[in-house]
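So the structure is just underneath, and the comments pick up after that.
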Amino acid sequence: MNDKVFIFDLDGVIVDTAKYHYLAWRNLANELGFEFTEEQNEQLKGVSRVRSLEILLSIGKIELSEPKKQELLKEKNEEYLEYVDKMTSDEILPGITNLLNFLEESNIKFALGSASKNAPLILKKVGLFEKFTAIVDGNDVSKAKPDPEVFIIAAKKLNKKSQECIVIEDALAGIQAANTAGMTSVAIGDEKILHEADFILADTNKLTIDFVKKLIE
Ligand code: B16
Ligand code: MG
């Protein structure tokens with residue numbers, strides 16, 4: 001009997017919501033009078049909403065009061081949710097549905113470990129909410145990745161030890177969180193950035209059943 005379980009990040013692994021985050025942050029930057037490029041948006045991947053605003057404001061060299069920041073966070077999220085509202089299962093990244101079906105058929109449990117406070121809504125929109133044994137998101141943690149808290153809570157909810165957990169992540173902070181937790185880390189993306197991971201795959205197409213079978217052996 002296999003003891004392994006999987007913990008999936010959301011943005012960049014299950015769906016590509018980064019493009020919608022980018023549109024909403026860019027609008028905010030433009031409103032504040034500065035440009036925000038897609039390259040700069042890389043810095044926001046895997047990072048919490050509050051921290052994302054801090055990074056954005058430092059790019060624009062802007063200092064704001066706490067109430068104003070709260071207002072902008074609300075405005076950004078409202079625009080982001082307009083994009084999320086239109087999401088369907090077509091936006092699930094390649095290979096993921098296949099993989100989740102295989103895990104289900106094999107009785108291998110899996111959880112979500114995401115920084116997003118919108119994670120449950122997004123999973124519902126793409127029709128995957130019911131598949132996850134546990135969902136741990138930005139509402140459940142007090143410390144953001146690279147702190148391992150999100151994955152440690154997920155392991156607890158799955159009733160598993162860290163060594164039995166395999167984390168699939170696209171952000172360096174998430175890989176570091178998994179490594180600190182003592183879990184197996186699988187990175188999706190650029191090996192120059194994600195070289196600290198135990199395994200690195202260029203994209204979710206490479207998350208094949210064969211690869212997963214070898215991982216759990
Ligand atoms: P929200 P992940 C992260 O999702 C995103 O990568 C990051 O860009 C975003 O700022 C963060 O969620 C918070 O999202 O504003 O929806 O709470 O990669 O951890 O699944
Ligand atoms: Mg991510």
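Here, A, B, ... name the chains of the structure tokens in the order displayed, residue numbers run from 1 inside each chain, and ligands are numbered from 1 in the same displayed order.
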
Name the residues, by chain letter and number, that sit within 8 Å of ligand 2 using only C-alpha atoms and all ligand atoms, and give them as a PyMOL selection string. chain A and resi 9-13+45-46+114-115+169-171+174

What residues of the protein or nucleic acid chains come within 10 Å of ligand 1 when you use only C-alpha atoms and all ligand atoms? Reply as a ChimeraX atom specification. /A:8-22,25,41-53,73-74,76-78,80-81,84,112-122,137-139,144-145,150,169-171,173-174

Name the residues in contact with segment 102-108 of chain A at a cut-off of 9 Å, using only C-alpha atoms, excluding same-chain residues fewer than 5 positions from it; report them as a list in words.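 Those residues are Asn2, Asp3, Lys4, Val5, Phe6, Thr97, Lys131 and Ile209 of chain A.
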
Find the residues near Ile152 of chain A: any atom within 9 Å, counting only C-alpha atoms, skip ones fewer than 2 places away on the same chain, and give them as an MDAnalysis selection string. chainID A and resid 148:150 154:157 161:162 178 181

What does the distance from atom CA of Tyr83 of chain A to atom CA of Ser58 of chain A come to in Å, to one decimal?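 Atom-to-atom, atom CA of Tyr83 of chain A to atom CA of Ser58 of chain A, that is 25.5 Å.
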
My list of candidates is A:Ile188, A:Leu23, A:Leu93, A:Leu128. Which is closest to Glu35 of chain A when distances are computed with only C-alpha atoms?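 Result for the nearest residue to Glu35 of chain A: A:Leu23.
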
Hey, what does DSSP flag as helix (DSSP H, G or I) within segment 13-192 of chain A? Can you give it to me as a PyMOL selection string? chain A and resi 18-32+38-44+49-59+66-85+89-91+96-105+119-125+129-131+149-157+162-164+172-181

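All residues of protein, DNA or RNA that reach within 8 Å of Gln163 of chain A, judged by only C-alpha atoms and not counting those fewer than 2 positions away in the chain, are Lys161, Cys165, Gly182, Met183 and Thr184 of chain A.
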
Hey, what does DSSP flag as strand (DSSP E) within chain A? Can you give it to me as an NGL selection string? :A and (5-8 or 110-113 or 134-136 or 165-169 or 184-188 or 199-201)

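The interatomic distance for the pair atom CA of Leu215 of chain A and atom CA of Phe129 of chain A works out to 24.5 Å.
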
Which residues come within 10 Å of Glu75 of chain A, counting only C-alpha atoms, excluding same-chain residues fewer than 6 positions away, as a PyMOL selection string? chain A and resi 24-25+28+69

Atom pair atom CA of Lys61 of chain A / atom CA of Glu79 of chain A: separation (Å):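 Result for atom CA of Lys61 of chain A versus atom CA of Glu79 of chain A: 22.9 Å, one decimal.
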